[in-house]
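Have a look at final-v4.txt; it's compact mmCIF, C-alpha atoms and all ligand atoms:
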```
# COMPACT_ATOMS: atom_id res chain seq x y z
CA MET A 1 -41.37 8.53 90.22
CA THR A 2 -40.17 5.49 88.31
CA SER A 3 -42.73 3.76 86.21
CA SER A 4 -43.48 0.06 86.29
CA ASN A 5 -44.29 0.05 82.56
CA VAL A 6 -47.67 -1.47 83.42
CA LYS A 7 -50.44 1.09 83.17
CA GLU A 8 -52.76 -0.65 85.66
CA ILE A 9 -50.05 -0.74 88.29
CA ASP A 10 -49.04 2.87 87.76
CA ASP A 11 -52.67 3.95 88.02
CA LEU A 12 -53.08 2.06 91.28
CA ILE A 13 -49.91 3.56 92.74
CA LYS A 14 -51.18 7.03 91.82
CA ILE A 15 -54.50 6.44 93.60
CA ILE A 16 -52.99 4.88 96.70
CA SER A 17 -50.43 7.66 97.10
CA ARG A 18 -53.37 10.07 97.50
CA LEU A 19 -54.37 8.39 100.76
CA PRO A 20 -53.49 10.23 103.98
CA GLY A 21 -50.05 9.49 105.37
CA LEU A 22 -48.84 7.76 102.19
CA GLY A 23 -46.39 9.03 99.62
CA PRO A 24 -45.39 7.43 96.30
CA LYS A 25 -42.82 5.21 98.03
CA SER A 26 -45.20 3.59 100.50
CA ALA A 27 -47.85 3.42 97.79
CA LYS A 28 -45.48 1.41 95.65
CA ARG A 29 -44.76 -0.98 98.53
CA ILE A 30 -48.47 -1.45 99.15
CA VAL A 31 -49.18 -2.15 95.50
CA LEU A 32 -46.37 -4.69 95.28
CA LYS A 33 -47.72 -6.44 98.36
CA LEU A 34 -51.22 -6.45 96.84
CA ILE A 35 -50.01 -7.95 93.60
CA LYS A 36 -48.14 -10.66 95.46
CA SER A 37 -51.34 -11.54 97.36
CA ARG A 38 -53.99 -11.54 94.67
CA GLU A 39 -56.33 -14.01 96.37
CA GLU A 40 -55.70 -13.03 99.99
CA LEU A 41 -55.76 -9.26 99.54
CA ILE A 42 -56.86 -7.98 96.13
CA LYS A 43 -59.97 -10.11 95.94
CA PRO A 44 -61.44 -9.34 99.40
CA LEU A 45 -60.34 -5.70 99.09
CA THR A 46 -62.11 -5.32 95.76
CA ASN A 47 -65.31 -6.81 97.17
CA THR A 48 -65.19 -4.81 100.39
CA LEU A 49 -64.52 -1.54 98.57
CA ALA A 50 -67.46 -2.21 96.25
CA GLN A 51 -69.70 -2.86 99.26
CA VAL A 52 -68.57 0.31 101.00
CA TYR A 53 -69.07 2.32 97.83
CA LYS A 54 -72.55 0.91 97.34
CA ASN A 55 -73.88 0.71 100.90
CA VAL A 56 -72.25 3.29 103.16
CA VAL A 57 -74.06 6.61 103.22
CA ARG A 58 -74.18 9.69 105.40
CA CYS A 59 -77.12 9.70 107.84
CA LYS A 60 -79.28 12.72 107.02
CA ILE A 61 -80.22 13.07 110.70
CA CYS A 62 -76.92 12.98 112.60
CA GLY A 63 -74.33 13.18 109.82
CA ASN A 64 -72.59 9.97 110.83
CA LEU A 65 -71.88 7.18 108.37
CA LYS A 66 -74.34 4.33 108.27
CA SER A 67 -75.21 1.24 106.33
CA MET A 68 -77.83 2.12 103.72
CA ASN A 69 -80.28 -0.63 104.71
CA LEU A 70 -79.97 -0.29 108.47
CA ASN A 71 -81.26 2.31 110.89
CA CYS A 72 -78.61 4.66 112.22
CA SER A 73 -77.90 4.36 115.95
CA CYS A 74 -79.10 7.99 116.31
CA SER A 75 -82.68 6.84 115.80
CA SER A 76 -82.54 3.64 117.83
CA LYS A 77 -80.40 4.50 120.87
CA LYS A 78 -81.71 6.46 123.88
CA TYR A 79 -79.58 9.42 124.90
CA ASP A 80 -79.96 12.82 126.55
CA GLN A 81 -76.70 14.47 125.44
CA ILE A 82 -75.48 15.31 121.96
CA CYS A 83 -71.86 16.24 121.23
CA VAL A 84 -71.43 18.33 118.06
CA VAL A 85 -68.18 17.73 116.17
CA GLU A 86 -66.85 18.88 112.82
CA ASN A 87 -65.95 15.47 111.45
CA ILE A 88 -65.82 11.74 112.11
CA ALA A 89 -62.13 11.80 113.04
CA ASP A 90 -63.01 14.18 115.90
CA MET A 91 -65.72 11.80 117.06
CA PHE A 92 -63.24 8.89 117.06
CA THR A 93 -60.81 10.97 119.13
CA ILE A 94 -63.45 11.83 121.75
CA GLN A 95 -64.69 8.23 121.83
CA SER A 96 -61.16 6.97 122.48
CA THR A 97 -60.85 9.08 125.64
CA GLY A 98 -63.92 7.34 127.09
CA ILE A 99 -65.07 10.58 128.72
CA TYR A 100 -68.36 10.81 126.84
CA ASN A 101 -71.03 8.19 126.11
CA GLY A 102 -73.87 10.19 124.58
CA SER A 103 -74.81 10.65 120.94
CA TYR A 104 -72.88 12.63 118.32
CA HIS A 105 -73.82 15.09 115.64
CA ILE A 106 -71.33 15.30 112.79
CA LEU A 107 -71.43 18.59 110.92
CA GLY A 108 -69.11 17.52 108.13
CA GLY A 109 -67.48 20.96 108.11
CA VAL A 110 -67.85 24.45 109.51
CA LEU A 111 -69.54 27.64 108.44
CA PRO A 112 -67.30 30.12 106.69
CA SER A 113 -66.18 32.84 109.13
CA PHE A 114 -68.14 35.47 107.19
CA GLU A 115 -71.92 35.45 107.35
CA GLY A 116 -72.58 32.73 104.81
CA LYS A 117 -75.53 30.59 105.64
CA ASN A 118 -75.83 28.52 102.47
CA SER A 119 -73.85 25.73 104.04
CA GLU A 120 -76.23 25.58 106.98
CA SER A 121 -78.34 22.79 105.51
CA SER A 122 -75.38 20.56 104.61
CA LEU A 123 -74.13 20.94 108.19
CA LEU A 124 -77.49 19.48 109.33
CA ILE A 125 -78.08 22.27 111.86
CA GLY A 126 -81.85 22.18 111.31
CA SER A 127 -81.74 18.46 111.89
CA LEU A 128 -79.80 19.00 115.13
CA VAL A 129 -82.57 21.29 116.40
CA ASP A 130 -85.14 18.61 115.49
CA ARG A 131 -83.14 15.92 117.29
CA VAL A 132 -82.95 18.03 120.44
CA LYS A 133 -86.72 18.61 120.43
CA LYS A 134 -87.67 15.05 119.57
CA ASN A 135 -85.42 13.35 122.12
CA SER A 136 -85.80 15.95 124.90
CA ILE A 137 -82.03 16.41 124.91
CA LYS A 138 -80.73 17.88 128.17
CA GLU A 139 -77.35 19.11 126.95
CA VAL A 140 -75.68 19.90 123.63
CA ILE A 141 -71.88 19.99 123.88
CA LEU A 142 -70.25 22.05 121.13
CA ALA A 143 -66.88 20.51 120.32
CA THR A 144 -66.00 22.44 117.18
CA SER A 145 -62.39 23.59 116.89
CA ALA A 146 -61.10 26.84 118.38
CA SER A 147 -60.48 28.37 114.93
CA ILE A 148 -62.48 31.42 113.78
CA GLU A 149 -64.68 29.15 111.65
CA GLY A 150 -65.17 26.73 114.54
CA GLU A 151 -66.17 29.57 116.87
CA THR A 152 -68.52 31.09 114.28
CA THR A 153 -70.18 27.74 113.79
CA ALA A 154 -70.52 27.13 117.54
CA HIS A 155 -72.06 30.57 117.95
CA TYR A 156 -74.51 30.02 115.12
CA ILE A 157 -75.58 26.60 116.40
CA SER A 158 -76.00 27.89 119.93
CA ASP A 159 -78.22 30.73 118.64
CA SER A 160 -80.37 28.29 116.65
CA LEU A 161 -80.75 26.02 119.68
CA LYS A 162 -81.62 28.88 122.03
CA LYS A 163 -84.22 30.21 119.63
CA ASN A 164 -85.96 26.87 119.19
CA THR A 165 -85.32 24.73 122.27
CA LYS A 166 -84.71 24.91 126.01
CA THR A 167 -81.67 22.63 126.06
CA LYS A 168 -78.47 23.52 127.91
CA VAL A 169 -75.66 24.42 125.49
CA THR A 170 -72.03 24.02 126.54
CA ARG A 171 -68.69 24.54 124.84
CA LEU A 172 -65.40 22.73 125.44
CA ALA A 173 -63.13 24.65 127.83
CA LYS A 174 -60.52 26.98 126.39
CA GLY A 175 -57.70 24.50 126.99
CA VAL A 176 -58.07 23.71 123.31
CA PRO A 177 -55.28 25.58 121.50
CA VAL A 178 -56.45 28.27 119.05
CA GLY A 179 -56.95 26.74 115.62
CA GLY A 180 -56.36 23.36 117.20
CA GLU A 181 -58.40 20.59 115.75
CA ILE A 182 -59.90 18.11 118.18
CA GLU A 183 -58.38 15.25 116.22
CA HIS A 184 -54.84 16.35 117.10
CA LEU A 185 -55.35 16.96 120.81
CA ASP A 186 -53.75 14.66 123.32
CA ASP A 187 -56.07 12.73 125.61
CA GLY A 188 -55.22 14.81 128.68
CA THR A 189 -56.04 18.16 127.04
CA LEU A 190 -59.25 16.81 125.56
CA PHE A 191 -60.27 15.22 128.85
CA SER A 192 -59.90 18.46 130.79
CA ALA A 193 -61.52 20.53 128.00
CA PHE A 194 -64.50 18.21 128.24
CA LYS A 195 -64.63 18.12 132.00
CA ASN A 196 -64.35 21.90 132.34
CA ARG A 197 -66.80 22.71 129.57
CA THR A 198 -68.59 26.00 130.03
CA LEU A 199 -72.21 26.95 129.75
CA ILE A 200 -73.07 29.24 126.85
CA VAL A 201 -75.49 31.89 128.06
CA ASN A 202 -77.78 33.87 125.84
CA ASP A 203 -76.53 37.29 124.78
ZN ZN A 301 -77.87 9.10 112.33
```
Turn this file's structure into structure tokens for me.
Amino acid sequence: MTSSNVKEIDDLIKIISRLPGLGPKSAKRIVLKLIKSREELIKPLTNTLAQVYKNVVRCKICGNLKSMNLNCSCSSKKYDQICVVENIADMFTIQSTGIYNGSYHILGGVLPSFEGKNSESSLLIGSLVDRVKKNSIKEVILATSASIEGETTAHYISDSLKKNTKTKVTRLAKGVPVGGEIEHLDDGTLFSAFKNRTLIVND
């Protein structure tokens, strides 16, 4: 990578090239564009980034992002279905298909495939059980990926729900390729996986 001889610029290029989908070349183009548009881009970007850094937090109830001073939609909206996903990108993908209008629960990861339960609290599984009880949720749709970790997590969540609630628990149909992440599914596959979701029965 050629250097610009200006430390600030090189630092910025290094940071921007760490963003998804960007390499050093595109990072350099972005930085040049920024520098050319100090007032129109750098200034508002600096302010907006500072606001996001200061005010955007993870909701401790549903795992979604929220504005620090506002109530999350999970505590203000009425809903009787919750769809459990691994991350926000998966939620965006499901939202874009328009097939589902209920609430979401964002785990922020999966359980390791071995019996490790330390990560249970950061995945907000206890909070999911509370949400189901408090809102008399009729159905929890497990939309974790078809990887071993995704399956382990789905199984663990379904057990916790069955032990503590009477809600119906379903899982996306097996059209999801093994190891396939929801985020990378095409709309058609996701649509049919959702439509043909299967009931998880107690074993
Ligand atoms: Zn929330």
Quick one: residues within 10 Å of segment 44-56 of chain A, only C-alpha atoms counted, chain neighbours fewer than 3 positions away excluded, as a PDB file with C-alpha atoms, in the frame of the given file?
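The result, stored in around36.pdb:
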```pdb
ATOM      1  CA  LEU A  34     -51.220  -6.450  96.840  1.00  0.00           C
ATOM      2  CA  ARG A  38     -53.990 -11.540  94.670  1.00  0.00           C
ATOM      3  CA  GLU A  39     -56.330 -14.010  96.370  1.00  0.00           C
ATOM      4  CA  GLU A  40     -55.700 -13.030  99.990  1.00  0.00           C
ATOM      5  CA  LEU A  41     -55.760  -9.260  99.540  1.00  0.00           C
ATOM      6  CA  CYS A  59     -77.120   9.700 107.840  1.00  0.00           C
ATOM      7  CA  LEU A  65     -71.880   7.180 108.370  1.00  0.00           C
ATOM      8  CA  LYS A  66     -74.340   4.330 108.270  1.00  0.00           C
ATOM      9  CA  SER A  67     -75.210   1.240 106.330  1.00  0.00           C
ATOM     10  CA  MET A  68     -77.830   2.120 103.720  1.00  0.00           C
ATOM     11  CA  ASN A  69     -80.280  -0.630 104.710  1.00  0.00           C
ATOM     12  CA  LEU A  70     -79.970  -0.290 108.470  1.00  0.00           C
TER      13      LEU A  70
END
```
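Of the residues listed (A:Cys62, A:Val84, A:Ala89, A:Leu124), A:Cys62 shows the shortest atom-to-atom separation from ligand ZN 301 (chain A); distances use all atoms listed in the file.
Reported to one decimal place, the separation of atom CA of Arg58 of chain A from atom CA of Ser160 of chain A is 22.6 Å.
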Please tabulate, as CSV, the residues of chain A that come within 7 Å of ligand ZN 301 (chain A), each with its closest pair of atoms and the distance in Å to one decimal, counting all atoms listed in the file and ordering rows by chain, then residue number upward.
```
residue,atom,partner,partner_atom,distance
A:Cys59,CA,A:ZN301,ZN,4.6
A:Lys60,CA,A:ZN301,ZN,6.6
A:Ile61,CA,A:ZN301,ZN,4.9
A:Cys62,CA,A:ZN301,ZN,4.0
A:Gly63,CA,A:ZN301,ZN,6.0
A:Asn64,CA,A:ZN301,ZN,5.6
A:Cys72,CA,A:ZN301,ZN,4.5
A:Ser73,CA,A:ZN301,ZN,6.0
A:Cys74,CA,A:ZN301,ZN,4.3
A:Ser75,CA,A:ZN301,ZN,6.3
```
Residues within 9 Å of Lys14 of chain A, all atoms listed in the file, excluding chain neighbours under 5 positions, as a list in words: Ile9, Pro24, Ala27 and Lys28 of chain A
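Distance-wise, atom CA of Gly98 of chain A and atom CA of Val169 of chain A end up 20.8 Å apart.
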Please measure the separation of atom CA of Phe194 of chain A and atom CA of Pro20 of chain A, giving the value in Å to one decimal.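 Between atom CA of Phe194 of chain A and atom CA of Pro20 of chain A the gap is 27.8 Å.
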Would you mind listing what lies within 6 Å of segment 138-145 of chain A as a PDB file with C-alpha atoms, in the coordinates of the input, with only C-alpha atoms counted and same-chain residues fewer than 2 positions away left out?
```
ATOM      1  CA  ASP A  80     -79.960  12.820 126.550  1.00  0.00           C
ATOM      2  CA  GLN A  81     -76.700  14.470 125.440  1.00  0.00           C
ATOM      3  CA  ILE A  82     -75.480  15.310 121.960  1.00  0.00           C
ATOM      4  CA  CYS A  83     -71.860  16.240 121.230  1.00  0.00           C
ATOM      5  CA  VAL A  84     -71.430  18.330 118.060  1.00  0.00           C
ATOM      6  CA  VAL A  85     -68.180  17.730 116.170  1.00  0.00           C
ATOM      7  CA  GLU A  86     -66.850  18.880 112.820  1.00  0.00           C
ATOM      8  CA  SER A 147     -60.480  28.370 114.930  1.00  0.00           C
ATOM      9  CA  GLY A 150     -65.170  26.730 114.540  1.00  0.00           C
ATOM     10  CA  THR A 167     -81.670  22.630 126.060  1.00  0.00           C
ATOM     11  CA  LYS A 168     -78.470  23.520 127.910  1.00  0.00           C
ATOM     12  CA  VAL A 169     -75.660  24.420 125.490  1.00  0.00           C
ATOM     13  CA  THR A 170     -72.030  24.020 126.540  1.00  0.00           C
ATOM     14  CA  ARG A 171     -68.690  24.540 124.840  1.00  0.00           C
ATOM     15  CA  LEU A 172     -65.400  22.730 125.440  1.00  0.00           C
ATOM     16  CA  GLU A 181     -58.400  20.590 115.750  1.00  0.00           C
TER      17      GLU A 181
END
```
Counting all atoms listed in the file, the residue among A:Leu161, A:Ile13, A:Val57, A:Val129 that lies closest to Lys33 of chain A is A:Ile13
Counting all atoms listed in the file, figure out which residue out of A:Ser3, A:Val31, A:Gly109, A:Asn101 gets nearest to Lys77 of chain A.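 Nearest to Lys77 of chain A: A:Asn101.
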